[in-house]
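As provided, data.cif (mmCIF, C-alpha atoms and all ligand atoms) reads as follows.
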data_final
loop_
_atom_site.label_atom_id
_atom_site.label_comp_id
_atom_site.auth_asym_id
_atom_site.auth_seq_id
_atom_site.Cartn_x
_atom_site.Cartn_y
_atom_site.Cartn_z
CA MET C 1 -11.61 4.39 -16.73
CA GLN C 2 -13.33 6.55 -19.28
CA ARG C 3 -16.95 7.28 -18.63
CA GLY C 4 -19.86 7.78 -20.93
CA GLY C 5 -18.05 6.65 -24.11
CA ARG C 6 -19.76 4.65 -26.84
CA ALA C 7 -16.94 2.11 -27.30
CA PRO C 8 -18.69 -0.99 -28.63
CA ARG C 9 -15.31 -2.28 -29.74
CA ARG C 10 -12.53 -3.12 -27.29
CA PRO C 11 -9.56 -0.85 -27.88
CA THR C 12 -6.18 -2.49 -28.33
CA MET C 13 -3.61 -2.06 -25.53
CA ALA C 14 -1.52 0.20 -27.78
CA ALA C 15 -4.52 2.39 -28.54
CA ALA C 16 -5.45 2.52 -24.85
CA ARG C 17 -1.89 3.53 -23.91
CA ALA C 18 -1.81 6.20 -26.60
CA SER C 19 -5.14 7.53 -25.40
CA LEU C 20 -3.93 7.63 -21.78
CA ARG C 21 -0.72 9.33 -22.83
CA GLY C 22 -2.79 11.91 -24.69
CA LEU C 23 -4.88 12.59 -21.62
CA LEU C 24 -1.80 12.98 -19.44
CA VAL C 25 -0.17 15.38 -21.87
CA ALA C 26 -3.40 17.35 -22.10
CA ALA C 27 -3.66 17.41 -18.32
CA GLU C 28 -0.06 18.62 -18.02
CA ARG C 29 -0.64 21.33 -20.56
CA ALA C 30 -3.72 22.43 -18.68
CA ALA C 31 -2.01 22.40 -15.31
CA GLY C 32 1.33 23.96 -16.24
CA PRO C 33 4.82 22.56 -16.25
CA ALA C 34 5.47 21.70 -12.67
CA ARG C 35 2.74 22.35 -10.10
CA PRO C 36 -0.35 20.21 -10.03
CA TRP C 37 -3.42 22.17 -8.96
CA GLU C 38 -2.06 25.18 -7.23
CA GLN C 39 -0.84 26.12 -10.69
CA PRO C 40 -2.97 28.36 -12.86
CA ILE C 41 -4.78 26.65 -15.67
CA PRO C 42 -4.04 28.78 -18.73
CA HIS C 43 -6.89 27.29 -20.70
CA VAL C 44 -9.32 28.10 -17.91
CA THR C 45 -7.99 31.61 -17.65
CA ARG C 46 -8.58 32.13 -21.34
CA LEU C 47 -12.16 31.06 -20.80
CA LEU C 48 -12.48 33.34 -17.80
CA ARG C 49 -11.33 36.22 -19.90
CA HIS C 50 -13.66 35.34 -22.73
CA SER C 51 -16.54 34.99 -20.37
CA SER C 52 -17.01 38.71 -19.73
CA ASN C 53 -18.18 40.71 -22.72
CA GLN C 54 -16.02 39.23 -25.39
CA PRO C 55 -17.32 36.65 -27.83
CA ALA C 56 -16.32 33.10 -27.04
CA GLY C 57 -13.32 31.66 -28.85
CA PRO C 58 -13.33 28.50 -30.91
CA GLN C 59 -12.82 26.33 -27.83
CA ALA C 60 -15.84 27.74 -26.06
CA SER C 61 -18.88 25.92 -27.39
CA PRO C 62 -22.28 26.90 -25.94
CA ASP C 63 -22.55 23.64 -24.02
CA PRO C 64 -20.12 23.77 -21.09
CA ARG C 65 -20.24 19.99 -20.84
CA ASN C 66 -18.33 19.68 -24.10
CA ARG C 67 -16.09 22.70 -23.86
CA GLY C 68 -12.52 21.67 -24.54
CA LEU C 69 -12.75 18.34 -22.72
CA PRO C 70 -10.95 15.25 -23.96
CA GLU C 71 -13.21 12.62 -25.48
CA GLY C 72 -14.86 10.48 -22.83
CA VAL C 73 -14.37 12.98 -20.00
CA GLU C 74 -17.56 14.00 -18.30
CA TYR C 75 -18.35 17.41 -16.93
CA ILE C 76 -19.23 16.86 -13.28
CA PRO C 77 -20.38 19.97 -11.43
CA THR C 78 -19.10 19.76 -7.88
CA ARG C 79 -20.82 22.74 -6.36
CA LYS C 80 -23.93 24.82 -6.76
CA LYS C 81 -24.30 26.97 -9.82
CA GLY C 82 -23.17 30.48 -9.18
CA LYS C 83 -21.07 29.42 -6.20
CA ASN C 84 -18.30 27.71 -8.08
CA PRO C 85 -15.18 29.82 -8.53
CA MET C 86 -13.96 27.54 -11.32
CA LYS C 87 -15.28 27.38 -14.83
CA PRO C 88 -16.50 23.98 -16.08
CA VAL C 89 -13.20 22.95 -17.70
CA GLY C 90 -11.39 23.66 -14.46
CA VAL C 91 -13.97 21.61 -12.60
CA ALA C 92 -13.52 18.72 -15.01
CA TRP C 93 -9.72 18.73 -14.73
CA TYR C 94 -9.99 19.03 -11.00
CA THR C 95 -12.39 16.10 -10.84
CA LEU C 96 -9.99 14.02 -12.91
CA TYR C 97 -7.07 14.95 -10.70
CA ALA C 98 -8.81 14.50 -7.37
CA ARG C 99 -11.04 11.53 -8.05
CA THR C 100 -9.60 9.26 -10.70
CA ARG C 101 -6.50 7.18 -11.32
CA LEU C 102 -5.58 9.64 -14.03
CA GLY C 103 -4.75 12.09 -11.25
CA TYR C 104 -2.39 9.57 -9.71
CA LEU C 105 -0.63 8.97 -13.04
CA PHE C 106 -0.37 12.72 -13.54
CA TYR C 107 1.20 13.04 -10.07
CA GLN C 108 3.71 10.29 -10.88
CA ARG C 109 4.80 12.13 -14.01
CA GLN C 110 5.14 15.37 -12.07
CA LEU C 111 7.19 13.52 -9.45
CA LYS C 112 9.55 12.11 -12.07
CA LYS C 113 9.96 15.45 -13.78
CA ALA C 114 10.63 17.24 -10.48
CA GLN C 115 13.21 14.60 -9.50
CA GLU C 116 15.01 15.22 -12.80
CA ARG C 117 14.75 18.97 -12.54
CA TYR C 118 15.53 19.29 -8.84
CA PRO C 119 17.63 16.23 -7.88
CA ARG C 120 18.42 17.88 -4.52
CA GLY C 121 15.03 19.45 -4.02
CA HIS C 122 13.65 22.84 -5.02
CA SER C 123 15.07 24.52 -1.91
CA ILE C 124 17.87 24.07 0.58
CA PRO C 125 16.36 22.45 3.67
CA GLN C 126 16.88 24.36 6.90
CA PRO C 127 16.13 22.28 10.00
CA CYS C 128 14.63 24.03 12.98
CA CYS C 129 15.66 22.68 16.39
CA PHE C 130 14.32 23.30 19.87
CA PRO C 131 15.33 21.32 22.97
CA GLY C 132 13.68 17.92 22.42
CA VAL C 133 12.19 18.50 18.99
CA LYS C 134 13.53 18.88 15.47
CA ILE C 135 11.50 20.02 12.46
CA LEU C 136 13.01 19.16 9.13
CA PRO C 137 11.38 20.61 6.01
CA ILE C 138 11.79 18.27 3.04
CA PRO C 139 11.46 20.03 -0.33
CA VAL C 140 9.57 17.75 -2.72
CA LEU C 141 8.07 18.00 -6.21
CA SER C 142 8.55 21.48 -7.62
CA SER C 143 7.20 23.52 -4.71
CA ASN C 144 5.83 21.23 -1.97
CA TYR C 145 7.16 20.76 1.52
CA SER C 146 6.86 17.62 3.60
CA TYR C 147 7.94 17.95 7.21
CA LEU C 148 9.67 15.37 9.35
CA VAL C 149 9.01 16.17 13.01
CA ILE C 150 11.26 14.32 15.42
CA ASP C 151 11.04 13.71 19.15
CA THR C 152 14.81 13.80 19.58
CA GLY C 153 14.67 12.08 22.99
CA SER C 154 13.08 8.88 21.70
CA SER C 155 13.90 9.20 17.96
CA ARG C 156 10.24 8.74 17.13
CA ALA C 157 8.98 10.79 14.25
CA ALA C 158 5.93 11.92 12.33
CA VAL C 159 5.78 13.22 8.80
CA ILE C 160 3.34 15.74 7.42
CA ASP C 161 2.21 15.35 3.79
CA PRO C 162 4.77 12.87 2.42
CA SER C 163 4.25 13.35 -1.29
CA ASP C 164 7.62 11.96 -2.44
CA PRO C 165 8.25 8.70 -0.55
CA LEU C 166 11.88 8.44 -1.67
CA ALA C 167 12.79 11.89 -0.39
CA VAL C 168 10.97 11.28 2.89
CA GLU C 169 12.55 7.84 3.31
CA ALA C 170 16.00 9.32 2.70
CA ALA C 171 15.38 11.86 5.47
CA ILE C 172 14.12 9.14 7.83
CA GLU C 173 17.28 7.09 7.24
CA GLU C 174 19.57 10.08 7.48
CA GLU C 175 18.04 11.05 10.82
CA GLY C 176 17.91 7.43 12.05
CA VAL C 177 14.35 7.75 13.33
CA MET C 178 11.30 5.51 13.55
CA LEU C 179 8.30 6.71 11.58
CA GLU C 180 5.19 6.38 13.72
CA ALA C 181 2.70 8.67 12.04
CA ILE C 182 1.77 10.27 8.77
CA PHE C 183 -0.39 13.38 9.09
CA CYS C 184 -2.10 14.16 5.85
CA THR C 185 -3.60 17.62 5.42
CA HIS C 186 -5.72 16.62 2.42
CA LYS C 187 -6.25 14.14 -0.35
CA HIS C 188 -4.44 15.85 -3.25
CA TRP C 189 -1.68 13.63 -4.59
CA ASP C 190 1.01 16.24 -4.07
CA HIS C 191 0.31 15.87 -0.34
CA SER C 192 -0.72 12.24 0.01
CA GLY C 193 1.04 10.45 -2.86
CA GLY C 194 3.71 8.82 -0.67
CA ASN C 195 1.35 7.28 1.90
CA VAL C 196 1.16 3.85 0.27
CA ALA C 197 4.90 3.38 -0.23
CA LEU C 198 5.76 4.59 3.26
CA ARG C 199 3.15 2.34 4.86
CA GLN C 200 4.60 -0.61 2.99
CA ARG C 201 8.00 0.15 4.43
CA HIS C 202 6.84 1.16 7.92
CA SER C 203 3.93 -1.17 8.55
CA SER C 204 3.25 0.03 12.10
CA CYS C 205 3.02 3.64 10.98
CA LYS C 206 -0.48 5.12 11.23
CA VAL C 207 -2.02 7.47 8.69
CA TYR C 208 -4.09 10.33 10.12
CA GLY C 209 -6.43 12.70 8.35
CA SER C 210 -10.06 13.53 7.75
CA ALA C 211 -12.50 10.83 6.71
CA LEU C 212 -14.14 13.46 4.48
CA ASP C 213 -11.15 13.41 2.11
CA THR C 214 -10.24 10.20 0.32
CA ILE C 215 -6.78 9.96 1.82
CA PRO C 216 -4.79 6.91 0.66
CA GLU C 217 -4.12 4.33 3.41
CA LEU C 218 -6.01 6.34 6.02
CA THR C 219 -5.93 4.21 9.19
CA ASN C 220 -7.01 6.71 11.85
CA PRO C 221 -9.64 9.25 10.81
CA LEU C 222 -9.52 12.31 13.01
CA ALA C 223 -12.23 14.61 14.29
CA ASP C 224 -11.81 18.34 14.69
CA ARG C 225 -9.61 19.17 17.73
CA GLU C 226 -8.58 15.56 18.22
CA LYS C 227 -5.08 15.07 19.63
CA VAL C 228 -2.45 12.50 18.73
CA SER C 229 0.80 11.75 20.57
CA VAL C 230 3.99 10.61 18.90
CA GLY C 231 6.63 10.07 21.60
CA CYS C 232 6.66 13.37 23.51
CA LEU C 233 5.09 15.25 20.61
CA THR C 234 1.42 16.20 20.70
CA PHE C 235 -0.39 17.19 17.53
CA GLU C 236 -3.88 18.66 17.39
CA ALA C 237 -5.99 18.32 14.25
CA LEU C 238 -7.97 21.35 13.11
CA ALA C 239 -10.74 20.93 10.56
CA THR C 240 -10.04 23.68 8.02
CA PRO C 241 -12.25 23.08 4.96
CA GLY C 242 -12.25 25.28 1.87
CA HIS C 243 -9.42 24.02 -0.29
CA THR C 244 -10.92 20.52 0.06
CA VAL C 245 -13.92 19.51 2.07
CA GLY C 246 -11.83 17.45 4.51
CA HIS C 247 -8.76 19.66 4.74
CA MET C 248 -7.04 19.51 8.13
CA ALA C 249 -4.20 21.51 9.59
CA TYR C 250 -2.04 20.17 12.42
CA VAL C 251 -0.68 22.04 15.40
CA LEU C 252 2.35 20.80 17.28
CA ASP C 253 2.18 21.82 20.93
CA GLY C 254 5.43 23.64 21.60
CA GLU C 255 4.98 24.13 25.32
CA PRO C 256 6.87 21.00 26.50
CA PHE C 257 9.85 22.16 24.44
CA GLY C 258 9.70 25.85 25.30
CA CYS C 259 8.94 26.73 21.72
CA PRO C 260 5.95 28.37 20.04
CA PRO C 261 3.13 26.27 18.60
CA CYS C 262 3.86 25.04 15.06
CA LEU C 263 1.09 25.11 12.48
CA PHE C 264 1.44 22.73 9.55
CA SER C 265 -1.07 24.36 7.31
CA GLY C 266 -1.05 22.27 4.11
CA ASP C 267 -2.91 24.22 1.44
CA LEU C 268 -4.95 26.30 3.87
CA LEU C 269 -2.38 29.03 4.32
CA PHE C 270 0.91 29.93 2.64
CA LEU C 271 3.37 32.69 3.30
CA ALA C 272 1.36 35.69 1.99
CA GLY C 273 -1.23 33.41 0.36
CA CYS C 274 -3.98 30.84 0.84
CA GLY C 275 -5.11 27.73 -1.04
CA ARG C 276 -7.54 27.78 -3.93
CA LEU C 277 -11.21 27.26 -3.18
CA PHE C 278 -11.70 23.93 -4.87
CA GLU C 279 -14.32 22.51 -2.55
CA GLY C 280 -15.58 25.34 -0.41
CA SER C 281 -17.05 28.81 -0.45
CA PRO C 282 -15.23 32.01 0.55
CA GLU C 283 -17.25 31.95 3.77
CA THR C 284 -15.93 28.47 4.57
CA MET C 285 -12.35 29.45 3.82
CA LEU C 286 -12.66 32.61 5.88
CA ALA C 287 -13.89 30.59 8.87
CA SER C 288 -10.97 28.16 8.45
CA LEU C 289 -8.44 30.99 8.26
CA ASP C 290 -9.97 32.50 11.39
CA VAL C 291 -9.50 29.16 13.17
CA ALA C 292 -5.82 29.20 12.22
CA MET C 293 -5.39 32.80 13.31
CA SER C 294 -6.86 32.04 16.73
CA LEU C 295 -3.64 30.13 17.51
CA GLY C 296 -1.77 33.29 18.40
CA LYS C 297 0.78 35.56 16.81
CA ASP C 298 3.90 33.70 17.84
CA THR C 299 2.76 30.49 16.11
CA LEU C 300 5.23 29.28 13.51
CA LEU C 301 3.69 28.74 10.08
CA TRP C 302 4.94 25.75 8.10
CA PRO C 303 3.05 25.82 4.81
CA GLY C 304 2.54 23.10 2.20
CA HIS C 305 4.23 25.00 -0.62
CA GLU C 306 7.11 27.36 -1.30
CA TYR C 307 4.99 30.13 -2.85
CA ALA C 308 6.35 33.11 -0.91
CA LEU C 309 7.86 35.09 -3.75
CA GLU C 310 4.86 34.78 -6.03
CA CYS C 311 2.36 35.51 -3.23
CA LEU C 312 4.29 38.48 -1.89
CA THR C 313 4.67 39.93 -5.37
CA PHE C 314 0.93 39.60 -5.91
CA ALA C 315 0.20 41.17 -2.50
CA SER C 316 2.50 44.09 -3.29
CA LEU C 317 0.42 44.85 -6.36
CA LEU C 318 -2.69 45.05 -4.20
CA GLU C 319 -1.32 47.07 -1.31
CA LEU C 320 1.05 49.64 -2.71
CA ASP C 321 1.98 51.27 0.57
CA ASN C 322 2.72 48.57 3.12
CA PRO C 323 6.26 48.70 4.56
CA ALA C 324 5.97 45.26 6.21
CA LEU C 325 5.06 43.76 2.86
CA ASP C 326 7.87 45.53 1.03
CA GLN C 327 10.37 44.39 3.61
CA LYS C 328 9.22 40.76 3.48
CA LEU C 329 9.26 40.78 -0.32
CA GLN C 330 12.80 42.08 -0.32
CA TRP C 331 13.85 39.40 2.15
CA ALA C 332 12.09 36.61 0.24
CA THR C 333 13.67 37.71 -3.03
CA GLN C 334 17.09 37.39 -1.44
CA GLN C 335 16.24 34.02 0.10
CA ARG C 336 15.00 32.58 -3.17
CA GLN C 337 17.98 33.85 -5.11
CA GLU C 338 20.01 31.62 -2.82
CA LYS C 339 17.43 28.80 -3.10
CA ARG C 340 16.78 29.06 0.61
CA SER C 341 13.42 28.17 2.08
CA THR C 342 11.21 31.03 3.27
CA CYS C 343 9.54 29.09 6.07
CA PRO C 344 8.66 29.39 8.80
CA SER C 345 7.03 32.75 9.20
CA THR C 346 4.78 33.58 12.15
CA LEU C 347 1.06 34.18 12.16
CA GLY C 348 1.75 37.62 13.63
CA GLU C 349 3.93 38.47 10.64
CA GLU C 350 1.38 37.08 8.23
CA GLN C 351 -1.26 39.45 9.52
CA THR C 352 0.89 42.37 8.42
CA TYR C 353 1.16 41.42 4.74
CA ASN C 354 -0.98 38.40 3.80
CA PRO C 355 -4.03 39.84 1.99
CA PHE C 356 -6.12 36.76 2.77
CA LEU C 357 -5.68 37.53 6.47
CA ARG C 358 -6.32 41.24 6.03
CA THR C 359 -9.90 41.18 4.83
CA HIS C 360 -10.83 43.38 7.80
CA ARG C 361 -8.29 46.07 6.95
CA PRO C 362 -9.64 49.32 5.48
CA GLU C 363 -6.50 49.85 3.39
CA LEU C 364 -6.98 46.53 1.60
CA GLN C 365 -10.71 47.10 1.15
CA ALA C 366 -9.98 50.54 -0.31
CA ALA C 367 -7.33 49.11 -2.63
CA LEU C 368 -9.95 46.69 -3.95
CA GLY C 369 -12.55 49.46 -4.22
CA MET C 370 -14.89 47.61 -1.87
CA GLN C 371 -17.18 48.98 0.81
CA GLN C 372 -19.22 47.28 3.46
CA GLY C 373 -22.96 47.52 2.85
CA THR C 374 -24.84 49.55 5.46
CA ARG C 375 -26.59 46.47 6.80
CA GLU C 376 -24.00 43.94 5.76
CA ASP C 377 -22.67 41.60 8.41
CA PRO C 378 -18.90 42.18 8.95
CA ASP C 379 -18.02 38.54 8.25
CA THR C 380 -20.18 38.49 5.11
CA PHE C 381 -18.26 41.51 3.92
CA ARG C 382 -14.91 39.94 4.81
CA ALA C 383 -15.90 36.85 2.83
CA ARG C 384 -16.69 39.10 -0.15
CA VAL C 385 -13.27 40.70 0.18
CA LEU C 386 -11.62 37.28 0.41
CA LYS C 387 -13.47 36.13 -2.70
CA GLU C 388 -12.25 39.17 -4.62
CA VAL C 389 -8.63 38.73 -3.50
CA ARG C 390 -8.80 35.05 -4.47
CA ARG C 391 -10.32 35.90 -7.86
CA ARG C 392 -7.56 38.38 -8.61
CA LYS C 393 -4.90 35.96 -7.45
CA ASP C 394 -6.26 33.21 -9.72
CA LEU C 395 -6.03 35.59 -12.67
CA TYR C 396 -2.66 36.94 -11.61
CA LYS C 397 -1.11 33.49 -11.54
CA ALA C 398 -1.84 32.96 -15.19
CA THR C 399 -0.02 36.07 -16.36
ZN ZN V 1 -4.12 20.83 -2.58
#
Encoded form using structure tokens:
Amino acid sequence: MQRGGRAPRRPTMAAARASLRGLLVAAERAAGPARPWEQPIPHVTRLLRHSSNQPAGPQASPDPRNRGLPEGVEYIPTRKKGKNPMKPVGVAWYTLYARTRLGYLFYQRQLKKAQERYPRGHSIPQPCCFPGVKILPIPVLSSNYSYLVIDTGSSRAAVIDPSDPLAVEAAIEEEGVMLEAIFCTHKHWDHSGGNVALRQRHSSCKVYGSALDTIPELTNPLADREKVSVGCLTFEALATPGHTVGHMAYVLDGEPFGCPPCLFSGDLLFLAGCGRLFEGSPETMLASLDVAMSLGKDTLLWPGHEYALECLTFASLLELDNPALDQKLQWATQQRQEKRSTCPSTLGEEQTYNPFLRTHRPELQAALGMQQGTREDPDTFRARVLKEVRRRKDLYKAT
């Protein structure tokens, strides 16, 4: 698995295992205790801080290709120089996580740890029922949500982002439903890691997602705006790149059930937050967020992670005088004290406090000390604002 090593001699199995264990431990240290890649990377943050005017520390050698990487790990730049929001070490870890088997082993360790730490899930699930449809959030890993969406008339069901196959299977059995579809928002293991096991158990179940992401067991690649029916349920796929190149969000049409549309946003959009820009520019992410916002204010937002408290706290440090934000933070604090889920919110609500959706708001721009250039295109300026909010959030997470 290692690339670029000298290795004329074959390592023994014990040495290979020890080396793999070392890499996993190093990856865990870099990624934090519980969350895979939404988590800040302390090591990277140190480098970010060093990178301004301060002299580089002992880990920062002049050659970024060697900086702090485990032996045999290559530095693979994924985006153009000057456009990449991550420093080289972050890029290398990300590449390992997203593209190699090491990422899968890392995910399995995180899964095991989360199952030990949260045997009943990180939050108390609160089903949402409308006539004919039931949406059941399934708390998995340390902060992820999978969602079981059931056509209650026919007991056919779809699941969004089944990262923990055991937890999802338990919900399927408890509800007594037939799994017909897996909708995968993107390739990251904490969203797609259960695809293989669930397909083995439910062989007729189809796996939907973008062909641009390497989604495990993908059977039905979807194009932007393509629709899929599961019983009476209709889902529409929206191409929303930025977090990954093939990220997709899914919209459940609520009209037949007299309910609002439901947006399953994966790592595009969280309550008061948005996903990190691993494989896209701020301009790309802004366009994707605009696509989501075009769904209408009453749309229910079902995000991929329970990040509300952290995101709202960060937002409250940016906008000091926003009553809607203060109110939501107070509410979320209470919810989380009781381990209750904070989803869904609505897109209308999100516009009142989510800084990533408020790039057009003068009060946020002023709080950031940013001004639109006299000849600057409004969307170019909004993308600059988004980039700055994202940069501050990435630093905030590490503190
Ligand atoms: Zn992700």
If we count only C-alpha atoms, what is near Glu350 (chain C) at a cut-off of 9 Å, once residues fewer than 6 positions away on the same chain are taken out, given as a ChimeraX atom specification? /C:271-272,297,301,357
Using only C-alpha atoms and a cutoff of 7 Å, can you tell me which residues are near (-3.8, 19.9, 12.5) in the file's coordinates, and write them out as a short mmCIF file (atom, residue, chain, number, x, y, z; two decimals) with C-alpha atoms, keeping the file's coordinate frame?
data_model
loop_
_atom_site.label_atom_id
_atom_site.label_comp_id
_atom_site.auth_asym_id
_atom_site.auth_seq_id
_atom_site.Cartn_x
_atom_site.Cartn_y
_atom_site.Cartn_z
CA PHE C 235 -0.39 17.19 17.53
CA GLU C 236 -3.88 18.66 17.39
CA ALA C 237 -5.99 18.32 14.25
CA LEU C 238 -7.97 21.35 13.11
CA MET C 248 -7.04 19.51 8.13
CA ALA C 249 -4.20 21.51 9.59
CA TYR C 250 -2.04 20.17 12.42
CA VAL C 251 -0.68 22.04 15.40
CA PHE C 264 1.44 22.73 9.55
#
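The closest residue to ligand ZN 1 (chain V), picked from C:Gln108, C:Ser154, C:Asn354, C:Ser192 and counting all atoms listed in the file, is C:Ser192.
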Give the answer as one residue: which of C:Tyr147, C:Tyr97, C:Phe314, C:Phe106 has the shortest atom-to-atom distance to Pro344 (chain C), using only C-alpha atoms?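 Closest candidate: C:Tyr147.
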Pairwise distance for CA of Arg156 (chain C) and CA of Cys262 (chain C), rounded to one decimal in Å: 17.6 Å
Taking all atoms listed in the file into account, list the residues no farther than 8 Å from ligand ZN 1 (chain V), as a list in words.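 My answer, listing the contacting residues, is Trp37, Glu38, His186, Lys187, His188, Trp189, Asp190, His191, His243, Thr244, Gly266, Asp267, Gly275 and Arg276 of chain C.
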Write out as an MDAnalysis selection string the residues lying within 7 Å of Pro139 (chain C), counting all atoms listed in the file and excluding same-chain residues fewer than 2 positions away. chainID C and resid 121:123 125 137 144:146
Under the rule that only C-alpha atoms are counted, which of C:Ser294, C:Gln327, C:Lys339, C:Thr352 is the nearest residue to Arg120 (chain C)?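 Between C:Ser294, C:Gln327, C:Lys339, C:Thr352, the residue approaching Arg120 (chain C) most closely is C:Lys339.
Minimum atom-to-atom distance to Glu279 (chain C), evaluated using only C-alpha atoms, belongs to C:Val245 out of C:Val168, C:Ala239, C:Val245, C:Ala181.
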Using all atoms listed in the file: which of C:Pro282, C:Pro303, C:Pro162, C:Gly373 has the shortest distance to Arg391 (chain C):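 Looking only at the distances to Arg391 (chain C), the closest residue turns out to be C:Pro282.
Using only C-alpha atoms, the nearest neighbour of Arg336 (chain C) within the list C:Ala308, C:Ala324, C:Ile135, C:Leu252 is C:Ala308.
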Mind pulling up the distance from CA of Leu312 (chain C) to CA of Val385 (chain C)? 17.8 Å
When you draw a straight line from CA of Gly280 (chain C) to CA of Ser163 (chain C), how long is it in Å?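 Computing it gives 23.2 Å between the two atoms.
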Just want the 9 Å neighbourhood of Tyr118 (chain C), counted on all atoms listed in the file, with same-chain residues fewer than 5 positions away dropped. Output as a ChimeraX atom specification. /C:113,123,140-142
Who sits within 7 Å of Leu300 (chain C), only C-alpha atoms, same chain under 3 positions skipped, as a ChimeraX atom specification: /C:260-263,344-347
So that I can check the surroundings of Thr219 (chain C), please list as an NGL selection string every protein, DNA and RNA residue that reaches within 10 Å of it, counting only C-alpha atoms and ignoring chain neighbours fewer than 5 positions away. :C and (182 or 205-209 or 211)
